[in-house]
Amino acid sequence: MLSGFVGHRLLPNVVWPPLADPDWRSASLTPLLATLETRLRTNAFLAGPHLTIADFSVAGMVTYFRSAEFPFDAYPHLARWYGAIEALDAWQSTASPLWTP
């Protein structure tokens with residue numbers, strides 16, 4: 001779903017722009033987002049109350065969401081969690097302007 005978007009963003013002279021925006025309501029994505037939202041409803045982080053490598057692993061992919069206009073308002077727990085990740089000094093020190101909307 002995001003592969004064309006990411007490819008074009010990284011290699012705009014090689015990869016054609018996507019023909020449509022990402023479908024954030026697709027049947028294959030909705031259950032995954034619901035799982036994250038449900039998990040984060042009762043936990044600060046993916047594996048519980050403490051930050052783990054699982055958070056960094058998933059957040060690495062969520063990096064693309066902001067520039068792809070993900071509807072964070074529809075997923076408040078996911079938005080809160082990703083906001084906490086983005087606020088980390090370690091995360092900010094590796095941020096790339098390429099993925100800033």
# chains A, B, ... in the order shown; residues from 1 in each chain; ligands from 1

call {"tool": "residues_around", "arguments": {"residues": "region 78-92 of chain A", "least_positions_apart": "6", "cutoff": "7 Å", "atoms": "only C-alpha atoms", "output": "PyMOL selection string"}}
result
chain A and resi 36-37+40+44-45+59+72

call {"tool": "write_last_selection", "arguments": {"atoms": "C-alpha atoms", "output": "PDB file, in the first residue's frame"}}
result
ATOM      1  CA  LEU A  36      -2.636  -1.530  17.469  1.00  0.00           C
ATOM      2  CA  GLU A  37      -5.376   0.811  18.691  1.00  0.00           C
ATOM      3  CA  LEU A  40      -2.475   0.914  22.999  1.00  0.00           C
ATOM      4  CA  ALA A  44       1.587   3.000  27.131  1.00  0.00           C
ATOM      5  CA  PHE A  45       3.673   0.986  24.687  1.00  0.00           C
ATOM      6  CA  ALA A  59       7.293   3.183  14.742  1.00  0.00           C
ATOM      7  CA  PHE A  72      -4.412   9.881  13.278  1.00  0.00           C
TER       8      PHE A  72
END

call {"tool": "select_by_dssp", "arguments": {"residues": "chain A", "states": "alpha helix (DSSP H)", "output": "ChimeraX atom specification"}}
result
/A:3-10,30-42,53-67,76-87,89-92

call {"tool": "atom_distance", "arguments": {"atom1": "CA of Asp21 (chain A)", "atom2": "CA of Gly7 (chain A)"}}
result
13.6 Å

call {"tool": "atom_distance", "arguments": {"atom1": "CA of Arg39 (chain A)", "atom2": "CA of Ser57 (chain A)"}}
result
15.5 Å

call {"tool": "closest_residue", "arguments": {"among": "A:Phe65, A:Tyr75, A:Trp24, A:Phe56", "to": "Val6 (chain A)", "atoms": "only C-alpha atoms"}}
result
A:Phe65

call {"tool": "atom_distance", "arguments": {"atom1": "CA of Asp23 (chain A)", "atom2": "CA of Val62 (chain A)"}}
result
14.8 Å
